[in-house]
Amino acid sequence: MAERGSRKHRKRRGARAPGSLFAHLDATDAHGAAAGLAWRQTMRRRVLVVAVGLALWTAGIETRLLFLQVWQFDDMVARAERQQLRTVATPAKRGEVLDRHGRVLAVSAYADSIYAVPAEISEPERIGRLLCEALEECSEAFRDRLVERLRGDRAFAYVRRQVSPREAARVADLGLDGVGFLKEHRRFYPNRELAAHVLGYVGIDNQGLHGIESTYDEQIRGRPGQTLIQTDARRRAFSRLDRPPTSGATLELTIDEYLQHIAERELRAAVEMHDADGGTIIILDPLTGEMLALANEPTFNPNDFAASTADTRRNRAIQEIYEPGSTFKIVTASAALQERIVEPDDPIDVSAGMIRFGSRQIDDFVRYDTLSFADVIVKSSNVGAIKVALQVGPGSLDQYVRRFGFGRTLSPDFRGESAGIVWDPARLNDSALASVAIGYQVAVTPLQMAAAASVIANGGELIEPRIVRAVRQDGQRIAVTPRVLGRAVTSETAATITTIMEDVAKRGTARRGAIPGYSVAGKTGTSAKVVDGAYSQSEYNASFVGFVPSRDPVFTVLVVINAPHGEEYTGGAVAAPVFKRVAESALRHRGVPPSVQPASPIIARRRGDPLPPVVAPAVRPVLTSLTSVGQGPPTMPDLRGLSARQALRALAHLSMVARLHGDGVVVAQQPGAGDAIESGMTSVLQLSRRPTPAKDGELDP
């Protein structure tokens, strides 16, 4: 108990005496305890702040990661690919365009394009000035645009594309940082303006914009390739994957480069001679529809098409319509003969020299008395053609107008071809029908008129005009076959119209289109143009269409001269001489032998030898019947000994088409005499001025 009390006593002892050692120690302990408590509170607050900061930072990072990985995932992947992967398109080389003999009309070659990296250019004004001094045709406006493109941080900007070698060399000599070169394909037309409206042109991005280049752009332009380049963080390439481009197909045209040159040369000369506004020449193969030449004036240079106007780039042969005038009488005459309304020798009274429809009067250019229907066409009598057309009627005439290819597009090789204007026959009164009969109140394209004349030349069939002969690709040549659109008239009617058109060149309005040594079938046309809503008294279209040799045609040639302002303005005076010059050159180029009065062969003999005897042709009576007697199919008559004219008349009565070789009298024929025949068959006749015995059905090679 004493011990417990003593302890209690010690616990209750009083305070230390001031100034004592124990009092000092007690004060120090109390102060340290208070400081430790304050430090712990401070640390606790700091740890709390750091913890909250770390929590907020972690939450922010997680939120950002969630945003990038979820909401912006696709965008980030795309940006990474753009930074790490570069896809460069490799343009394909356009296929060549060739003429029918393989001569190059259009070809692609490499050209330099100048580009800049604006992000690497610190002085755009100075660089722009230096580049402009090195480039050709650099205007102040172009320089301002160039400087604007050089500003900024873009990775690529074109300076100028497809520059000349001189410009590229001058820019390369400058050694400018941030300026480089790309190789691109540029289209070149080595013959400049030759066949410009046929070929067309291409744009800066290798796309066809006009002509054949546009129509066959998908085949010619090929398929572009791609180059995939992988780069590191410093844009240094470390991997490359190429997919090479596929070159385009080569087009083989029906155009003959030489004939195209002749057509353009003669057209340009005629336009200048007669101070005309323009013109068109078309050369067709009447048997296949192939266009051998298509020339327009004015023309342009497809190498620099941007410097031309829309008017010079317009393909007048297929886009410009005109009233054909008297050349359209071919259709009127064909309808009348095919419908048996009239025969070639039937007389037509044209003595009045004019015909009236109410207050309207249509005059003949020259006044005649009475003409046969054949001479109505030969002399180009408006009155006679109108009288016959009124008997044909609007419905029947409209059928033949459309059978000859008018009122629709004909060629699939050109975009923008006009169908022309053909009136509804229900709207044609007598006055309107009279206009159509003589080639007014109907609008046609030059190509339609050339195709219509070819109907007569080939025996009555409308053949689709084509400009593409074949497509070459991957070692294969796919030829384009001729396509017959329909039969317009029978071969008999075509033969009769051919005879009439021959007389037009011999003694009619186209005498200046006659070619010595060759039979020419043609028709002239002179039509007044509409100016300010009325037919002009000074503006005309002068035209001529014909084919040669007329009985074995090789060429159909159309000439249209727009608004000749010289002393002469008619088709016979302006267009027919152009036809003659073009056709003569074409016949020589093709090596077509003369069909009328060929040159006599030179026979060499030794001096003193007698001259060979001259054998006179056997005289044969003119046939009175050309069909078989009795029942059975008709048979071929014996035409040997007949003149060419007599044989043609005989075959025309049989509705057969004649193909003549040589000159003189018939010495051999195919089919042979007595062979079975059918309407529309072709008979080949061998003619000679020194007949020799030959078996039926055998011809000279």
# chains A, B, ... in the order shown; residues from 1 in each chain; ligands from 1
$ residues_around --residues "Glu266 of chain A" --least-positions-apart "6" --cutoff "12 Å" --atoms "only C-alpha atoms" --output "MDAnalysis selection string"
chainID A and resid 259:260 272:273 279:282 295:297 559:561 574:585
$ residues_around --residues "Gly178 of chain A" --least-positions-apart "3" --cutoff "10 Å" --atoms "only C-alpha atoms" --output "short mmCIF file (atom, residue, chain, number, x, y, z; two decimals) with C-alpha atoms, in the first residue's frame"
data_model
loop_
_atom_site.label_atom_id
_atom_site.label_comp_id
_atom_site.auth_asym_id
_atom_site.auth_seq_id
_atom_site.Cartn_x
_atom_site.Cartn_y
_atom_site.Cartn_z
CA TYR A 115 6.53 21.28 -109.47
CA ALA A 116 7.43 22.93 -106.17
CA VAL A 117 7.30 22.04 -102.46
CA PRO A 118 6.07 25.29 -100.85
CA ALA A 119 7.01 24.06 -97.35
CA GLU A 120 10.67 24.08 -98.40
CA ILE A 121 10.58 27.53 -100.03
CA SER A 122 11.41 30.45 -97.73
CA ILE A 127 11.64 31.96 -106.46
CA LEU A 150 4.45 28.94 -103.47
CA ALA A 155 3.82 19.54 -99.80
CA PHE A 156 3.16 19.91 -103.55
CA GLY A 175 19.24 24.82 -109.10
#
$ closest_residue --among "A:Asp75, A:Asp144, A:Asp424, A:Asp474" --to "Thr250 of chain A" --atoms "only C-alpha atoms"
A:Asp474
$ closest_residue --among "A:Gln476, A:Ser683, A:Ser595, A:Gln448" --to "Pro553 of chain A" --atoms "only C-alpha atoms"
A:Ser595
$ select_by_dssp --residues "segment 178-344 of chain A" --states "strand (DSSP E or B)" --output "PDB file with N, CA and C atoms, in the first residue's frame"
ATOM      1  N   VAL A 179      12.214  22.869-105.833  1.00  0.00           N
ATOM      2  CA  VAL A 179      11.661  22.832-107.190  1.00  0.00           C
ATOM      3  C   VAL A 179      12.165  21.568-107.871  1.00  0.00           C
ATOM      4  N   GLY A 180      11.240  20.795-108.445  1.00  0.00           N
ATOM      5  CA  GLY A 180      11.621  19.537-109.077  1.00  0.00           C
ATOM      6  C   GLY A 180      10.865  19.305-110.374  1.00  0.00           C
ATOM      7  N   PHE A 181      11.068  18.108-110.958  1.00  0.00           N
ATOM      8  CA  PHE A 181      10.490  17.766-112.255  1.00  0.00           C
ATOM      9  C   PHE A 181       9.784  16.415-112.177  1.00  0.00           C
ATOM     10  N   LEU A 182       8.685  16.309-112.924  1.00  0.00           N
ATOM     11  CA  LEU A 182       7.963  15.054-113.093  1.00  0.00           C
ATOM     12  C   LEU A 182       7.885  14.734-114.577  1.00  0.00           C
ATOM     13  N   LYS A 183       7.919  13.451-114.906  1.00  0.00           N
ATOM     14  CA  LYS A 183       7.745  13.017-116.285  1.00  0.00           C
ATOM     15  C   LYS A 183       6.276  12.678-116.521  1.00  0.00           C
ATOM     16  N   GLU A 184       5.672  13.319-117.498  1.00  0.00           N
ATOM     17  CA  GLU A 184       4.284  13.056-117.863  1.00  0.00           C
ATOM     18  C   GLU A 184       4.199  12.827-119.366  1.00  0.00           C
ATOM     19  N   HIS A 185       3.116  12.146-119.770  1.00  0.00           N
ATOM     20  CA  HIS A 185       2.894  11.923-121.194  1.00  0.00           C
ATOM     21  C   HIS A 185       2.186  13.136-121.798  1.00  0.00           C
ATOM     22  N   ARG A 186       2.710  13.574-122.923  1.00  0.00           N
ATOM     23  CA  ARG A 186       2.091  14.683-123.638  1.00  0.00           C
ATOM     24  C   ARG A 186       1.727  14.220-125.046  1.00  0.00           C
ATOM     25  N   ARG A 187       0.553  14.643-125.512  1.00  0.00           N
ATOM     26  CA  ARG A 187       0.074  14.236-126.832  1.00  0.00           C
ATOM     27  C   ARG A 187       0.664  15.150-127.895  1.00  0.00           C
ATOM     28  N   PHE A 188       1.168  14.536-128.957  1.00  0.00           N
ATOM     29  CA  PHE A 188       1.735  15.289-130.078  1.00  0.00           C
ATOM     30  C   PHE A 188       1.032  14.877-131.372  1.00  0.00           C
ATOM     31  N   TYR A 201      -8.406  16.428-129.829  1.00  0.00           N
ATOM     32  CA  TYR A 201      -7.276  16.779-128.970  1.00  0.00           C
ATOM     33  C   TYR A 201      -7.543  16.244-127.568  1.00  0.00           C
ATOM     34  N   VAL A 202      -6.510  16.290-126.722  1.00  0.00           N
ATOM     35  CA  VAL A 202      -6.631  15.812-125.336  1.00  0.00           C
ATOM     36  C   VAL A 202      -6.295  16.945-124.387  1.00  0.00           C
ATOM     37  N   GLY A 208      -9.377  12.591-123.479  1.00  0.00           N
ATOM     38  CA  GLY A 208      -9.815  13.044-124.792  1.00  0.00           C
ATOM     39  C   GLY A 208     -10.950  14.036-124.681  1.00  0.00           C
ATOM     40  N   LEU A 209     -10.858  15.131-125.429  1.00  0.00           N
ATOM     41  CA  LEU A 209     -11.846  16.198-125.340  1.00  0.00           C
ATOM     42  C   LEU A 209     -12.600  16.430-126.639  1.00  0.00           C
ATOM     43  N   HIS A 210     -12.118  15.889-127.756  1.00  0.00           N
ATOM     44  CA  HIS A 210     -12.750  16.222-129.036  1.00  0.00           C
ATOM     45  C   HIS A 210     -12.366  15.158-130.045  1.00  0.00           C
ATOM     46  N   ARG A 223      -4.980   2.105-118.833  1.00  0.00           N
ATOM     47  CA  ARG A 223      -5.271   2.059-117.402  1.00  0.00           C
ATOM     48  C   ARG A 223      -4.045   2.539-116.639  1.00  0.00           C
ATOM     49  N   GLY A 225      -1.231   3.201-113.695  1.00  0.00           N
ATOM     50  CA  GLY A 225      -0.630   2.353-112.667  1.00  0.00           C
ATOM     51  C   GLY A 225      -0.516   3.099-111.349  1.00  0.00           C
ATOM     52  N   GLN A 226       0.061   2.424-110.354  1.00  0.00           N
ATOM     53  CA  GLN A 226       0.241   3.028-109.038  1.00  0.00           C
ATOM     54  C   GLN A 226       1.594   2.625-108.464  1.00  0.00           C
ATOM     55  N   THR A 227       2.196   3.543-107.706  1.00  0.00           N
ATOM     56  CA  THR A 227       3.440   3.271-106.978  1.00  0.00           C
ATOM     57  C   THR A 227       3.207   3.567-105.505  1.00  0.00           C
ATOM     58  N   LEU A 228       3.359   2.535-104.632  1.00  0.00           N
ATOM     59  CA  LEU A 228       3.172   2.680-103.194  1.00  0.00           C
ATOM     60  C   LEU A 228       4.542   2.816-102.533  1.00  0.00           C
ATOM     61  N   ILE A 229       4.783   3.938-101.858  1.00  0.00           N
ATOM     62  CA  ILE A 229       6.077   4.235-101.232  1.00  0.00           C
ATOM     63  C   ILE A 229       5.875   4.353 -99.729  1.00  0.00           C
ATOM     64  N   GLN A 230       6.667   3.598 -98.935  1.00  0.00           N
ATOM     65  CA  GLN A 230       6.660   3.690 -97.481  1.00  0.00           C
ATOM     66  C   GLN A 230       7.845   4.537 -97.027  1.00  0.00           C
ATOM     67  N   THR A 231       7.600   5.472 -96.084  1.00  0.00           N
ATOM     68  CA  THR A 231       8.639   6.399 -95.630  1.00  0.00           C
ATOM     69  C   THR A 231       8.755   6.338 -94.112  1.00  0.00           C
ATOM     70  N   ALA A 237      12.284   7.262 -98.071  1.00  0.00           N
ATOM     71  CA  ALA A 237      11.642   6.044 -98.560  1.00  0.00           C
ATOM     72  C   ALA A 237      12.493   4.828 -98.216  1.00  0.00           C
ATOM     73  N   PHE A 238      11.826   3.798 -97.719  1.00  0.00           N
ATOM     74  CA  PHE A 238      12.541   2.553 -97.434  1.00  0.00           C
ATOM     75  C   PHE A 238      11.866   1.338 -98.076  1.00  0.00           C
ATOM     76  N   SER A 239      10.692   1.549 -98.732  1.00  0.00           N
ATOM     77  CA  SER A 239      10.009   0.442 -99.393  1.00  0.00           C
ATOM     78  C   SER A 239       9.219   0.995-100.567  1.00  0.00           C
ATOM     79  N   ARG A 240       9.099   0.229-101.655  1.00  0.00           N
ATOM     80  CA  ARG A 240       8.418   0.686-102.867  1.00  0.00           C
ATOM     81  C   ARG A 240       7.745  -0.504-103.522  1.00  0.00           C
ATOM     82  N   LEU A 241       6.470  -0.314-103.906  1.00  0.00           N
ATOM     83  CA  LEU A 241       5.709  -1.358-104.592  1.00  0.00           C
ATOM     84  C   LEU A 241       5.053  -0.741-105.816  1.00  0.00           C
ATOM     85  N   ASP A 242       5.335  -1.293-107.000  1.00  0.00           N
ATOM     86  CA  ASP A 242       4.852  -0.720-108.259  1.00  0.00           C
ATOM     87  C   ASP A 242       3.801  -1.619-108.901  1.00  0.00           C
ATOM     88  N   ARG A 243       2.751  -0.965-109.438  1.00  0.00           N
ATOM     89  CA  ARG A 243       1.806  -1.628-110.331  1.00  0.00           C
ATOM     90  C   ARG A 243       1.868  -0.886-111.660  1.00  0.00           C
ATOM     91  N   THR A 246      -1.077   0.220-117.934  1.00  0.00           N
ATOM     92  CA  THR A 246      -1.363  -0.512-119.163  1.00  0.00           C
ATOM     93  C   THR A 246      -1.574   0.481-120.291  1.00  0.00           C
ATOM     94  N   THR A 250      -4.226   1.068-129.924  1.00  0.00           N
ATOM     95  CA  THR A 250      -3.878   1.845-131.115  1.00  0.00           C
ATOM     96  C   THR A 250      -5.054   1.824-132.081  1.00  0.00           C
ATOM     97  N   LEU A 251      -5.417   3.005-132.568  1.00  0.00           N
ATOM     98  CA  LEU A 251      -6.514   3.108-133.527  1.00  0.00           C
ATOM     99  C   LEU A 251      -5.959   3.223-134.939  1.00  0.00           C
ATOM    100  N   GLU A 252      -6.489   2.417-135.815  1.00  0.00           N
ATOM    101  CA  GLU A 252      -6.147   2.494-137.235  1.00  0.00           C
ATOM    102  C   GLU A 252      -7.343   3.107-137.947  1.00  0.00           C
ATOM    103  N   LEU A 253      -7.165   4.291-138.499  1.00  0.00           N
ATOM    104  CA  LEU A 253      -8.258   5.009-139.147  1.00  0.00           C
ATOM    105  C   LEU A 253      -8.378   4.642-140.617  1.00  0.00           C
ATOM    106  N   GLY A 278     -15.790  29.526-145.443  1.00  0.00           N
ATOM    107  CA  GLY A 278     -15.289  28.217-145.037  1.00  0.00           C
ATOM    108  C   GLY A 278     -15.722  27.162-146.037  1.00  0.00           C
ATOM    109  N   GLY A 279     -15.565  25.900-145.642  1.00  0.00           N
ATOM    110  CA  GLY A 279     -15.960  24.827-146.539  1.00  0.00           C
ATOM    111  C   GLY A 279     -15.638  23.463-145.979  1.00  0.00           C
ATOM    112  N   THR A 280     -16.059  22.440-146.723  1.00  0.00           N
ATOM    113  CA  THR A 280     -15.853  21.048-146.330  1.00  0.00           C
ATOM    114  C   THR A 280     -15.620  20.199-147.564  1.00  0.00           C
ATOM    115  N   ILE A 281     -14.697  19.242-147.450  1.00  0.00           N
ATOM    116  CA  ILE A 281     -14.501  18.224-148.473  1.00  0.00           C
ATOM    117  C   ILE A 281     -14.490  16.863-147.782  1.00  0.00           C
ATOM    118  N   ILE A 282     -15.251  15.925-148.333  1.00  0.00           N
ATOM    119  CA  ILE A 282     -15.295  14.556-147.825  1.00  0.00           C
ATOM    120  C   ILE A 282     -15.018  13.609-148.975  1.00  0.00           C
ATOM    121  N   ILE A 283     -14.139  12.638-148.745  1.00  0.00           N
ATOM    122  CA  ILE A 283     -13.889  11.572-149.703  1.00  0.00           C
ATOM    123  C   ILE A 283     -14.285  10.258-149.041  1.00  0.00           C
ATOM    124  N   LEU A 284     -15.234   9.561-149.663  1.00  0.00           N
ATOM    125  CA  LEU A 284     -15.732   8.288-149.150  1.00  0.00           C
ATOM    126  C   LEU A 284     -15.417   7.160-150.118  1.00  0.00           C
ATOM    127  N   GLU A 290     -16.046   3.797-145.862  1.00  0.00           N
ATOM    128  CA  GLU A 290     -14.851   4.317-145.211  1.00  0.00           C
ATOM    129  C   GLU A 290     -14.585   5.760-145.639  1.00  0.00           C
ATOM    130  N   MET A 291     -14.311   6.619-144.665  1.00  0.00           N
ATOM    131  CA  MET A 291     -13.951   8.002-144.957  1.00  0.00           C
ATOM    132  C   MET A 291     -12.457   8.063-145.226  1.00  0.00           C
ATOM    133  N   LEU A 292     -12.096   8.388-146.430  1.00  0.00           N
ATOM    134  CA  LEU A 292     -10.694   8.467-146.814  1.00  0.00           C
ATOM    135  C   LEU A 292     -10.103   9.842-146.528  1.00  0.00           C
ATOM    136  N   ALA A 293     -10.952  10.846-146.463  1.00  0.00           N
ATOM    137  CA  ALA A 293     -10.503  12.205-146.110  1.00  0.00           C
ATOM    138  C   ALA A 293     -11.700  12.989-145.615  1.00  0.00           C
ATOM    139  N   LEU A 294     -11.459  13.857-144.644  1.00  0.00           N
ATOM    140  CA  LEU A 294     -12.496  14.754-144.125  1.00  0.00           C
ATOM    141  C   LEU A 294     -11.798  16.055-143.754  1.00  0.00           C
ATOM    142  N   ALA A 295     -12.048  17.080-144.546  1.00  0.00           N
ATOM    143  CA  ALA A 295     -11.354  18.357-144.368  1.00  0.00           C
ATOM    144  C   ALA A 295     -12.352  19.475-144.118  1.00  0.00           C
ATOM    145  N   ASN A 296     -12.005  20.371-143.206  1.00  0.00           N
ATOM    146  CA  ASN A 296     -12.812  21.551-142.916  1.00  0.00           C
ATOM    147  C   ASN A 296     -11.925  22.785-142.966  1.00  0.00           C
ATOM    148  N   GLU A 297     -12.523  23.872-143.329  1.00  0.00           N
ATOM    149  CA  GLU A 297     -11.834  25.154-143.336  1.00  0.00           C
ATOM    150  C   GLU A 297     -12.783  26.201-142.769  1.00  0.00           C
ATOM    151  N   TYR A 322     -26.933  22.581-143.586  1.00  0.00           N
ATOM    152  CA  TYR A 322     -27.184  23.554-144.640  1.00  0.00           C
ATOM    153  C   TYR A 322     -28.269  23.002-145.560  1.00  0.00           C
TER     154      TYR A 322
END
$ select_by_dssp --residues "segment 387-521 of chain A" --states "helix (DSSP H, G or I)" --output "PDB file with C-alpha atoms, in the first residue's frame"
ATOM      1  CA  LYS A 387     -43.758  19.104-161.014  1.00  0.00           C
ATOM      2  CA  VAL A 388     -42.520  15.550-160.622  1.00  0.00           C
ATOM      3  CA  ALA A 389     -42.299  15.815-156.812  1.00  0.00           C
ATOM      4  CA  LEU A 390     -45.931  16.927-156.640  1.00  0.00           C
ATOM      5  CA  GLN A 391     -46.857  13.648-158.339  1.00  0.00           C
ATOM      6  CA  VAL A 392     -44.708  11.660-155.921  1.00  0.00           C
ATOM      7  CA  PRO A 394     -45.112  14.246-149.488  1.00  0.00           C
ATOM      8  CA  GLY A 395     -45.524  10.824-147.880  1.00  0.00           C
ATOM      9  CA  SER A 396     -43.596   8.889-150.512  1.00  0.00           C
ATOM     10  CA  LEU A 397     -40.912  11.548-150.855  1.00  0.00           C
ATOM     11  CA  ASP A 398     -40.413  11.573-147.085  1.00  0.00           C
ATOM     12  CA  GLN A 399     -39.839   7.792-147.127  1.00  0.00           C
ATOM     13  CA  TYR A 400     -37.029   8.134-149.638  1.00  0.00           C
ATOM     14  CA  VAL A 401     -35.543  11.127-147.849  1.00  0.00           C
ATOM     15  CA  ARG A 402     -35.165   8.962-144.753  1.00  0.00           C
ATOM     16  CA  ARG A 403     -34.026   5.905-146.729  1.00  0.00           C
ATOM     17  CA  PRO A 425     -44.742  15.036-144.191  1.00  0.00           C
ATOM     18  CA  ALA A 426     -48.134  15.829-142.652  1.00  0.00           C
ATOM     19  CA  ARG A 427     -47.003  19.459-142.394  1.00  0.00           C
ATOM     20  CA  ASP A 430     -47.582  21.908-152.005  1.00  0.00           C
ATOM     21  CA  SER A 431     -45.365  24.936-151.491  1.00  0.00           C
ATOM     22  CA  ALA A 432     -43.305  23.213-148.806  1.00  0.00           C
ATOM     23  CA  LEU A 433     -43.088  20.022-150.874  1.00  0.00           C
ATOM     24  CA  ALA A 434     -41.808  22.100-153.778  1.00  0.00           C
ATOM     25  CA  SER A 435     -39.047  23.462-151.544  1.00  0.00           C
ATOM     26  CA  VAL A 436     -38.001  19.993-150.401  1.00  0.00           C
ATOM     27  CA  ALA A 437     -37.915  18.736-153.994  1.00  0.00           C
ATOM     28  CA  PRO A 446     -22.094  17.282-145.571  1.00  0.00           C
ATOM     29  CA  LEU A 447     -21.555  13.706-144.366  1.00  0.00           C
ATOM     30  CA  GLN A 448     -25.213  12.866-144.956  1.00  0.00           C
ATOM     31  CA  MET A 449     -25.030  14.255-148.496  1.00  0.00           C
ATOM     32  CA  ALA A 450     -21.884  12.266-149.287  1.00  0.00           C
ATOM     33  CA  ALA A 451     -23.477   9.079-147.931  1.00  0.00           C
ATOM     34  CA  ALA A 452     -26.602   9.697-150.030  1.00  0.00           C
ATOM     35  CA  ALA A 453     -24.550  10.017-153.220  1.00  0.00           C
ATOM     36  CA  SER A 454     -22.764   6.789-152.292  1.00  0.00           C
ATOM     37  CA  VAL A 455     -26.163   5.052-152.293  1.00  0.00           C
ATOM     38  CA  ILE A 456     -26.354   5.649-156.037  1.00  0.00           C
ATOM     39  CA  ALA A 457     -22.689   4.761-156.538  1.00  0.00           C
ATOM     40  CA  SER A 491     -29.927  -1.383-158.466  1.00  0.00           C
ATOM     41  CA  GLU A 492     -31.915  -0.606-161.631  1.00  0.00           C
ATOM     42  CA  THR A 493     -32.948   2.788-160.280  1.00  0.00           C
ATOM     43  CA  ALA A 494     -29.394   3.456-159.107  1.00  0.00           C
ATOM     44  CA  ALA A 495     -28.055   2.613-162.582  1.00  0.00           C
ATOM     45  CA  THR A 496     -30.559   4.985-164.211  1.00  0.00           C
ATOM     46  CA  ILE A 497     -29.669   7.819-161.829  1.00  0.00           C
ATOM     47  CA  THR A 498     -25.980   7.118-162.524  1.00  0.00           C
ATOM     48  CA  THR A 499     -26.582   7.581-166.243  1.00  0.00           C
ATOM     49  CA  ILE A 500     -28.338  10.880-165.591  1.00  0.00           C
ATOM     50  CA  MET A 501     -25.538  12.068-163.300  1.00  0.00           C
ATOM     51  CA  GLU A 502     -22.988  11.162-165.974  1.00  0.00           C
ATOM     52  CA  ASP A 503     -24.786  13.487-168.369  1.00  0.00           C
ATOM     53  CA  VAL A 504     -24.646  16.242-165.732  1.00  0.00           C
ATOM     54  CA  ALA A 505     -20.844  16.107-165.984  1.00  0.00           C
ATOM     55  CA  LYS A 506     -20.831  15.701-169.786  1.00  0.00           C
ATOM     56  CA  ARG A 507     -23.324  18.318-170.912  1.00  0.00           C
ATOM     57  CA  ARG A 511     -19.000  20.219-167.102  1.00  0.00           C
ATOM     58  CA  ARG A 512     -16.166  21.863-165.163  1.00  0.00           C
ATOM     59  CA  GLY A 513     -16.040  18.778-162.960  1.00  0.00           C
TER      60      GLY A 513
END
$ closest_residue --among "A:Thr63, A:Ser214, A:Ser351, A:Asn303" --to "Asn382 of chain A" --atoms "only C-alpha atoms"
A:Ser351
